[in-house]
Each structure stands twice: as C-alpha cells, then as structure tokens.
Amino acid sequence: NMKLSTKSRYAVQAMVDLTKNSPSEPCNLSEISLRQNISLSYLEQIFNKLKKSELVSSVKGPGGGYRLSRAPHNIKISEIVNGVEENIKATGCSNDPSKFCTGKNEKCITHHFLEDLESLIENYLDSVALSDIALNKDNSFLGLSE
C-alpha cells in the first residue's frame, strides 16, 4: 500500500513543529528533536534537503537554527515531500518502459489504478499548505479521520 516514507513523514512533522513553535525566531533542531522524538542526525539530513529546496534557511551563530523561507500558507505539503524524496511512486514500474512492472513488455493488472492513486495523492498534497496543518486547532483534518 502507498505510504509516505518515514523521511517524508518526519519532514512534514518537523516543518509543522517549526511553524507552531517558532513562527518568527530561528529554531534549533535539537528542540524539534526533543519535542518530536526524531533523532537529531536524521533531522539534520532532512533539513539539509529542505534547505537545498529553499523551504527553510539557516541562521548561524548563537540563537541560530532554521526558519521557514516563506509564510506557511505559501508552503505546500507536496513541496516538503518532494524536497526530501526522490519521487513518490506507487507503481512498481522501473524507469525502463520496456520492462514495466511485470518485467515483461506489459503493464501489471493494477497499473492504471496505482497511477491514479499516485495522482490523487499528489493532488491532495498539493492542496494542503503547511499552515492548514499547523493552525488546525481541533486536530480533525478535512473530516476524514476520527
């Protein structure tokens, strides 16, 4: 089944934490590490990628850390995921079109379903901004989960 990788989930979690707990000041990653129980070295890897993707910027020196590069309503969850992932693929297809998912020159029986699933997920992640999650008070989301 289609799951966001641990790296994606932690990246979103850390960005939400940053938005909620340090909206204006730079935030030290060790604080996020403690609050979210994510290892510091893993967060450093994630934030290096987020920085390369220009979603966060780093501030050097005492009181330094990371801050969002732009307002949370201007950061889509899809950008965070794409910033840390190589790509999200639900289908098992290799990049070699002559192989497809079956390793033969044909698509597997669920190919179109999985392609549709991928585009649904991408569209959904595109439709949600960082602020939508961070500012969500009652913790229900789109009324989908209990």
# chains A, B, ... in the order shown; residues from 1 in each chain; ligands from 1
>>> residues_around(residues="Ile38 of chain A", least_positions_apart="6", cutoff="12 Å", atoms="only C-alpha atoms", output="mmCIF file with N, CA and C atoms, in the first residue's frame")
data_model
loop_
_atom_site.group_PDB
_atom_site.id
_atom_site.type_symbol
_atom_site.label_atom_id
_atom_site.label_comp_id
_atom_site.auth_asym_id
_atom_site.auth_seq_id
_atom_site.Cartn_x
_atom_site.Cartn_y
_atom_site.Cartn_z
ATOM 1 N N THR A 6 9.184 7.291 5.810
ATOM 2 C CA THR A 6 9.471 7.853 7.131
ATOM 3 C C THR A 6 10.079 9.237 6.972
ATOM 4 N N LYS A 7 10.973 9.374 6.002
ATOM 5 C CA LYS A 7 11.633 10.663 5.791
ATOM 6 C C LYS A 7 10.615 11.762 5.492
ATOM 7 N N ARG A 9 7.379 11.742 6.250
ATOM 8 C CA ARG A 9 6.519 11.980 7.405
ATOM 9 C C ARG A 9 7.242 12.828 8.442
ATOM 10 N N TYR A 10 8.504 12.510 8.695
ATOM 11 C CA TYR A 10 9.279 13.292 9.651
ATOM 12 C C TYR A 10 9.516 14.720 9.162
ATOM 13 N N ALA A 11 9.711 14.873 7.866
ATOM 14 C CA ALA A 11 9.933 16.219 7.315
ATOM 15 C C ALA A 11 8.692 17.086 7.539
ATOM 16 N N GLN A 13 6.310 16.557 9.782
ATOM 17 C CA GLN A 13 6.167 16.715 11.227
ATOM 18 C C GLN A 13 7.087 17.831 11.744
ATOM 19 N N ALA A 14 8.334 17.822 11.291
ATOM 20 C CA ALA A 14 9.307 18.820 11.744
ATOM 21 C C ALA A 14 8.935 20.212 11.255
ATOM 22 N N ASP A 17 6.092 21.423 13.349
ATOM 23 C CA ASP A 17 6.637 21.802 14.659
ATOM 24 C C ASP A 17 7.286 23.190 14.586
ATOM 25 N N LEU A 29 17.464 22.692 15.829
ATOM 26 C CA LEU A 29 16.948 21.357 15.514
ATOM 27 C C LEU A 29 16.882 20.440 16.736
ATOM 28 N N SER A 30 17.744 20.692 17.716
ATOM 29 C CA SER A 30 17.702 19.827 18.907
ATOM 30 C C SER A 30 16.377 19.994 19.655
ATOM 31 N N GLU A 31 15.767 21.174 19.550
ATOM 32 C CA GLU A 31 14.457 21.382 20.181
ATOM 33 C C GLU A 31 13.376 20.563 19.477
ATOM 34 N N ILE A 32 13.404 20.578 18.141
ATOM 35 C CA ILE A 32 12.445 19.781 17.370
ATOM 36 C C ILE A 32 12.668 18.297 17.657
ATOM 37 N N GLU A 44 18.958 16.552 10.799
ATOM 38 C CA GLU A 44 19.968 17.339 10.065
ATOM 39 C C GLU A 44 19.981 16.971 8.589
ATOM 40 N N GLN A 45 19.893 15.665 8.303
ATOM 41 C CA GLN A 45 19.810 15.223 6.899
ATOM 42 C C GLN A 45 18.579 15.812 6.212
ATOM 43 N N ILE A 46 17.454 15.726 6.897
ATOM 44 C CA ILE A 46 16.195 16.220 6.337
ATOM 45 C C ILE A 46 16.276 17.725 6.068
#
>>> residues_around(residues="Leu50 of chain A", least_positions_apart="6", cutoff="7 Å", atoms="only C-alpha atoms", output="PDB file with N, CA, C and O atoms, in the first residue's frame")
ATOM      1  N   VAL A  56      13.483  26.099   3.823  1.00  0.00           N
ATOM      2  CA  VAL A  56      13.965  26.686   5.068  1.00  0.00           C
ATOM      3  C   VAL A  56      15.299  27.371   4.785  1.00  0.00           C
ATOM      4  O   VAL A  56      15.952  27.085   3.783  1.00  0.00           O
ATOM      5  N   GLY A  83      10.739  17.751  -1.633  1.00  0.00           N
ATOM      6  CA  GLY A  83      12.041  18.257  -1.224  1.00  0.00           C
ATOM      7  C   GLY A  83      12.940  17.198  -0.595  1.00  0.00           C
ATOM      8  O   GLY A  83      14.160  17.278  -0.690  1.00  0.00           O
ATOM      9  N   VAL A  84      12.331  16.198   0.041  1.00  0.00           N
ATOM     10  CA  VAL A  84      13.139  15.179   0.716  1.00  0.00           C
ATOM     11  C   VAL A  84      13.123  13.817   0.017  1.00  0.00           C
ATOM     12  O   VAL A  84      13.959  12.975   0.290  1.00  0.00           O
TER      13      VAL A  84
END
>>> residues_around(residues="Glu79 of chain A", least_positions_apart="4", cutoff="9 Å", atoms="only C-alpha atoms", output="MDAnalysis selection string")
chainID A and resid 53 55 75 83:84 125:126
